[in-house]
Amino acid sequence: MSESDKIKIYIANKNHLKYVDVILETIEAATKVRGTGIAKRSKEYIRTKMLEGKAIIALLGDEFAGFCYIETWGHEKFVANSGLIVVEKFREQGLAKKIKKKAFDLSLERFPGARLFGLTSGAAVMKINTELGYNTVTYADLTDDEEFWKGCEGCVNYDVLQRYKNKDCICRAMLYNPDEIKIYIANNEHLKYIDDILEAIKNSASAKDCRMDIAKRTHKYIKTKILEGEAIIAIGRDKNGEEKFAGFCYIESWSNKKFVEIAGFIVNKYFSNRGLGVSKKMKLKAFLLSRERFPNAKLFSLTPNVEAMKTNAELGYKPVTLTDLTKDEEFWEECKGCEDYDVLTRTGRRYCICKGMLYDPAI
């Protein structure tokens, strides 16, 4: 067993108070080497964190190896795993990731529903955060609790934060929100979002360059899809924790239900550039619903979007020619609104900018 495998990670308690001095010394030394900030904390502050069960400590026997602690802000709506530090001799052995994961799990257990965030300049911590599900956000997405920002006063780069009025600095802002996106089979409760859905369709760039017949997507049409249980809706939360429409798609069947298309993908701009995978999550939900509702139907897709093609492939769709898709004339009529419809007609409906993909349950 290697030395790193012998390191134990604990939720700190009163038995670990003897390590407070070495923790503070390690933090200070790391700050000088990096030239960027770990906010300074007092001896009493670290002691309190240990006694409250809000700190993680790593030990090799009785030797101190690493540490971090949990802070809560905005009436416990925001949680930060702060002060992550590893003694130099134990670095590059995956210990920081283990400590961070322990703090992450403790945070979710102690503060379920809270949004976990971090401000860091360390590439290694950014990588760990990303693996845990954090996304890069703006400073405006973080807590507005003044006490949090006062904690930055001990950083060597506090003048930069002041210069940008708490809106930017050297550190990268990252956020994990366990309740940020939830995917539902739409029902009566979601009828209130129809206007938001229609507005998102109207404003979407995708409505201009693919087969999205806007005229067909009326209030009545969307309502019918919801009431028939053939629509998927994504609901997220804004930075204040308020529910917000995040995305929508629906199921359409063609050729007497022999072919099924998951169509009308739309994502609210508020969530579209935050790496949350809203479209992919909706696609998976819609795929499972389609298989349940139409078990013998072939599922197909016609899209120019590379990311959509990747998701389709992960679900088992295969590339096909357009002649392998539904022959239903009503389906192809909807392509008339596309700016590349001339390409489709020129090739006798065999090829276009959009690429065909098919999932056949019989194969």
# chains A, B, ... in the order shown; residues from 1 in each chain; ligands from 1

$ select_by_dssp --residues "segment 21-180 of chain A" --states "strand (DSSP E or B)" --output "PyMOL selection string"
chain A and resi 55-60+63-73+78-86+115-120+135-136+172-176

$ write_last_selection --atoms "C-alpha atoms" --output "mmCIF file, in the first residue's frame"
data_model
loop_
_atom_site.group_PDB
_atom_site.id
_atom_site.type_symbol
_atom_site.label_atom_id
_atom_site.label_comp_id
_atom_site.auth_asym_id
_atom_site.auth_seq_id
_atom_site.Cartn_x
_atom_site.Cartn_y
_atom_site.Cartn_z
ATOM 1 C CA ALA A 55 -14.359 21.021 8.268
ATOM 2 C CA ILE A 56 -12.534 18.151 6.569
ATOM 3 C CA ILE A 57 -9.047 17.045 7.599
ATOM 4 C CA ALA A 58 -6.670 14.521 6.034
ATOM 5 C CA LEU A 59 -4.074 12.720 8.157
ATOM 6 C CA LEU A 60 -1.319 10.189 7.604
ATOM 7 C CA GLU A 63 0.746 13.797 10.432
ATOM 8 C CA PHE A 64 -1.325 16.613 8.912
ATOM 9 C CA ALA A 65 -1.836 16.211 5.151
ATOM 10 C CA GLY A 66 -4.734 18.427 4.041
ATOM 11 C CA PHE A 67 -7.788 20.460 5.003
ATOM 12 C CA CYS A 68 -10.819 22.448 3.891
ATOM 13 C CA TYR A 69 -13.956 23.827 5.530
ATOM 14 C CA ILE A 70 -17.584 24.634 4.780
ATOM 15 C CA GLU A 71 -19.118 28.119 4.867
ATOM 16 C CA THR A 72 -22.774 29.063 4.459
ATOM 17 C CA TRP A 73 -24.144 32.344 3.130
ATOM 18 C CA PHE A 78 -25.367 29.156 -0.660
ATOM 19 C CA VAL A 79 -22.540 26.897 0.532
ATOM 20 C CA ALA A 80 -18.822 27.212 -0.206
ATOM 21 C CA ASN A 81 -16.104 24.606 0.335
ATOM 22 C CA SER A 82 -13.233 26.919 1.185
ATOM 23 C CA GLY A 83 -9.589 26.929 2.204
ATOM 24 C CA LEU A 84 -8.683 23.713 0.346
ATOM 25 C CA ILE A 85 -5.038 23.014 1.077
ATOM 26 C CA VAL A 86 -2.686 20.029 0.765
ATOM 27 C CA ARG A 115 -26.294 25.861 -4.111
ATOM 28 C CA LEU A 116 -22.610 25.048 -3.754
ATOM 29 C CA PHE A 117 -20.216 27.599 -5.181
ATOM 30 C CA GLY A 118 -16.559 28.375 -5.320
ATOM 31 C CA LEU A 119 -14.153 31.135 -6.232
ATOM 32 C CA THR A 120 -10.792 29.727 -7.222
ATOM 33 C CA ASN A 135 -20.387 25.049 -13.919
ATOM 34 C CA THR A 136 -18.546 28.291 -14.625
ATOM 35 C CA ARG A 172 -13.163 31.839 -11.494
ATOM 36 C CA ALA A 173 -16.728 31.630 -10.193
ATOM 37 C CA MET A 174 -18.223 28.128 -10.243
ATOM 38 C CA LEU A 175 -21.646 26.900 -9.124
ATOM 39 C CA TYR A 176 -23.306 23.551 -8.399
#

$ atom_distance --atom1 "atom CA of Gly229 of chain A" --atom2 "atom CA of Tyr270 of chain A"
25.7 Å

$ closest_residue --among "A:Ile183, A:Leu108, A:Glu307, A:Trp254" --to "Val278 of chain A" --atoms "only C-alpha atoms"
A:Ile183

$ residues_around --residues "Thr321 of chain A" --least-positions-apart "2" --cutoff "8 Å" --atoms "only C-alpha atoms" --output "JSON, numbers by chain"
{"A": [319, 323, 324, 325, 350, 351, 355, 356, 357]}

$ atom_distance --atom1 "atom CA of Ala12 of chain A" --atom2 "atom CA of Gly53 of chain A"
6.1 Å

$ closest_residue --among "A:His16, A:Lys318, A:Lys165, A:Lys258" --to "Arg47 of chain A" --atoms "only C-alpha atoms"
A:His16

$ residues_around --residues "Asn187 of chain A" --least-positions-apart "6" --cutoff "10 Å" --atoms "only C-alpha atoms" --output "JSON, numbers by chain"
{"A": [223, 225, 226, 227, 228, 229, 230, 231, 232, 233]}

$ write_last_selection --atoms "C-alpha atoms" --output "PDB file, in the first residue's frame"
ATOM      1  CA  LYS A 223     -51.502  22.884 -24.929  1.00  0.00           C
ATOM      2  CA  LYS A 225     -49.262  18.174 -26.605  1.00  0.00           C
ATOM      3  CA  ILE A 226     -49.049  18.857 -22.875  1.00  0.00           C
ATOM      4  CA  LEU A 227     -52.529  17.483 -22.145  1.00  0.00           C
ATOM      5  CA  GLU A 228     -51.858  14.374 -24.249  1.00  0.00           C
ATOM      6  CA  GLY A 229     -48.751  13.654 -22.188  1.00  0.00           C
ATOM      7  CA  GLU A 230     -46.546  13.953 -25.269  1.00  0.00           C
ATOM      8  CA  ALA A 231     -44.355  16.833 -24.179  1.00  0.00           C
ATOM      9  CA  ILE A 232     -41.268  17.249 -22.004  1.00  0.00           C
ATOM     10  CA  ILE A 233     -40.593  20.377 -19.998  1.00  0.00           C
TER      11      ILE A 233
END

$ residues_around --residues "segment 259-263 of chain A" --least-positions-apart "2" --cutoff "9 Å" --atoms "only C-alpha atoms" --output "PyMOL selection string"
chain A and resi 212+249-257+265+283+286-287+290+294+296-302+325-326

$ closest_residue --among "A:Val87, A:Ala234, A:Leu95, A:Leu191" --to "Ile222 of chain A" --atoms "only C-alpha atoms"
A:Leu191

$ residues_around --residues "His75 of chain A" --least-positions-apart "6" --cutoff "12 Å" --atoms "only C-alpha atoms" --output "PyMOL selection string"
chain A and resi 111+114-115+143-145+147-148+240

$ residues_around --residues "Leu132 of chain A" --least-positions-apart "6" --cutoff "10 Å" --atoms "only C-alpha atoms" --output "list in words"
Lys97, Lys100, Lys101, Phe104, Met126 and Tyr176 of chain A

$ write_last_selection --atoms "C-alpha atoms" --output "PDB file, in the first residue's frame"
ATOM      1  CA  LYS A  97      -9.863  15.646  -4.967  1.00  0.00           C
ATOM      2  CA  LYS A 100     -13.039  18.154  -1.903  1.00  0.00           C
ATOM      3  CA  LYS A 101     -15.352  15.174  -2.537  1.00  0.00           C
ATOM      4  CA  PHE A 104     -18.947  18.194  -1.229  1.00  0.00           C
ATOM      5  CA  MET A 126     -11.408  24.037 -11.279  1.00  0.00           C
ATOM      6  CA  TYR A 176     -23.306  23.551  -8.399  1.00  0.00           C
TER       7      TYR A 176
END

$ select_by_dssp --residues "segment 153-299 of chain A" --states "helix (DSSP H, G or I)" --output "JSON, numbers by chain"
{"A": [153, 154, 158, 159, 160, 161, 162, 163, 188, 189, 190, 191, 192, 193, 194, 195, 196, 197, 198, 199, 200, 201, 202, 203, 206, 207, 208, 209, 219, 220, 221, 222, 223, 224, 225, 226, 227, 269, 270, 271, 272, 278, 279, 280, 281, 282, 283, 284, 285, 286, 287, 288, 289, 290, 291, 292, 293]}

$ write_last_selection --atoms "C-alpha atoms" --output "PDB file, in the first residue's frame"
ATOM      1  CA  GLU A 153     -10.342  41.258   2.134  1.00  0.00           C
ATOM      2  CA  GLY A 154      -7.553  38.967   3.271  1.00  0.00           C
ATOM      3  CA  TYR A 158      -8.561  42.166  -3.095  1.00  0.00           C
ATOM      4  CA  ASP A 159      -7.759  45.429  -4.893  1.00  0.00           C
ATOM      5  CA  VAL A 160      -8.704  43.774  -8.210  1.00  0.00           C
ATOM      6  CA  LEU A 161     -12.081  42.677  -6.822  1.00  0.00           C
ATOM      7  CA  GLN A 162     -12.710  46.232  -5.585  1.00  0.00           C
ATOM      8  CA  ARG A 163     -11.720  47.659  -8.965  1.00  0.00           C
ATOM      9  CA  ASN A 188     -51.721  20.380 -16.339  1.00  0.00           C
ATOM     10  CA  GLU A 189     -49.421  22.085 -13.844  1.00  0.00           C
ATOM     11  CA  HIS A 190     -47.179  23.235 -16.690  1.00  0.00           C
ATOM     12  CA  LEU A 191     -49.837  24.934 -18.812  1.00  0.00           C
ATOM     13  CA  LYS A 192     -48.822  28.206 -17.158  1.00  0.00           C
ATOM     14  CA  TYR A 193     -45.536  28.077 -19.095  1.00  0.00           C
ATOM     15  CA  ILE A 194     -47.081  28.001 -22.601  1.00  0.00           C
ATOM     16  CA  ASP A 195     -46.494  31.717 -23.228  1.00  0.00           C
ATOM     17  CA  ASP A 196     -42.863  31.305 -22.137  1.00  0.00           C
ATOM     18  CA  ILE A 197     -42.493  28.343 -24.514  1.00  0.00           C
ATOM     19  CA  LEU A 198     -43.945  30.249 -27.459  1.00  0.00           C
ATOM     20  CA  GLU A 199     -41.757  33.262 -26.720  1.00  0.00           C
ATOM     21  CA  ALA A 200     -38.665  31.053 -26.585  1.00  0.00           C
ATOM     22  CA  ILE A 201     -39.590  29.450 -29.934  1.00  0.00           C
ATOM     23  CA  LYS A 202     -40.107  32.865 -31.473  1.00  0.00           C
ATOM     24  CA  ASN A 203     -36.720  34.138 -30.285  1.00  0.00           C
ATOM     25  CA  SER A 206     -32.932  27.386 -34.406  1.00  0.00           C
ATOM     26  CA  ALA A 207     -36.412  28.440 -35.499  1.00  0.00           C
ATOM     27  CA  LYS A 208     -34.808  30.235 -38.454  1.00  0.00           C
ATOM     28  CA  ASP A 209     -32.557  27.529 -39.826  1.00  0.00           C
ATOM     29  CA  HIS A 219     -50.969  28.068 -28.020  1.00  0.00           C
ATOM     30  CA  LYS A 220     -53.565  25.408 -28.815  1.00  0.00           C
ATOM     31  CA  TYR A 221     -50.988  23.029 -30.339  1.00  0.00           C
ATOM     32  CA  ILE A 222     -48.600  23.243 -27.366  1.00  0.00           C
ATOM     33  CA  LYS A 223     -51.502  22.884 -24.929  1.00  0.00           C
ATOM     34  CA  THR A 224     -52.716  19.758 -26.737  1.00  0.00           C
ATOM     35  CA  LYS A 225     -49.262  18.174 -26.605  1.00  0.00           C
ATOM     36  CA  ILE A 226     -49.049  18.857 -22.875  1.00  0.00           C
ATOM     37  CA  LEU A 227     -52.529  17.483 -22.145  1.00  0.00           C
ATOM     38  CA  LYS A 269     -31.497  31.588 -23.083  1.00  0.00           C
ATOM     39  CA  TYR A 270     -31.006  31.987 -19.322  1.00  0.00           C
ATOM     40  CA  PHE A 271     -29.908  28.325 -19.155  1.00  0.00           C
ATOM     41  CA  SER A 272     -28.566  27.691 -22.656  1.00  0.00           C
ATOM     42  CA  VAL A 278     -30.752  20.830 -20.787  1.00  0.00           C
ATOM     43  CA  SER A 279     -31.349  19.592 -24.346  1.00  0.00           C
ATOM     44  CA  LYS A 280     -29.590  16.291 -23.682  1.00  0.00           C
ATOM     45  CA  LYS A 281     -31.570  15.670 -20.491  1.00  0.00           C
ATOM     46  CA  MET A 282     -34.855  16.452 -22.263  1.00  0.00           C
ATOM     47  CA  LYS A 283     -33.907  14.200 -25.184  1.00  0.00           C
ATOM     48  CA  LEU A 284     -33.288  11.259 -22.856  1.00  0.00           C
ATOM     49  CA  LYS A 285     -36.610  11.793 -21.085  1.00  0.00           C
ATOM     50  CA  ALA A 286     -38.449  12.131 -24.413  1.00  0.00           C
ATOM     51  CA  PHE A 287     -36.691   9.050 -25.799  1.00  0.00           C
ATOM     52  CA  LEU A 288     -37.834   6.900 -22.863  1.00  0.00           C
ATOM     53  CA  LEU A 289     -41.358   8.321 -23.114  1.00  0.00           C
ATOM     54  CA  SER A 290     -41.466   7.588 -26.853  1.00  0.00           C
ATOM     55  CA  ARG A 291     -40.342   3.991 -26.305  1.00  0.00           C
ATOM     56  CA  GLU A 292     -43.043   3.580 -23.664  1.00  0.00           C
ATOM     57  CA  ARG A 293     -45.854   5.201 -25.653  1.00  0.00           C
TER      58      ARG A 293
END
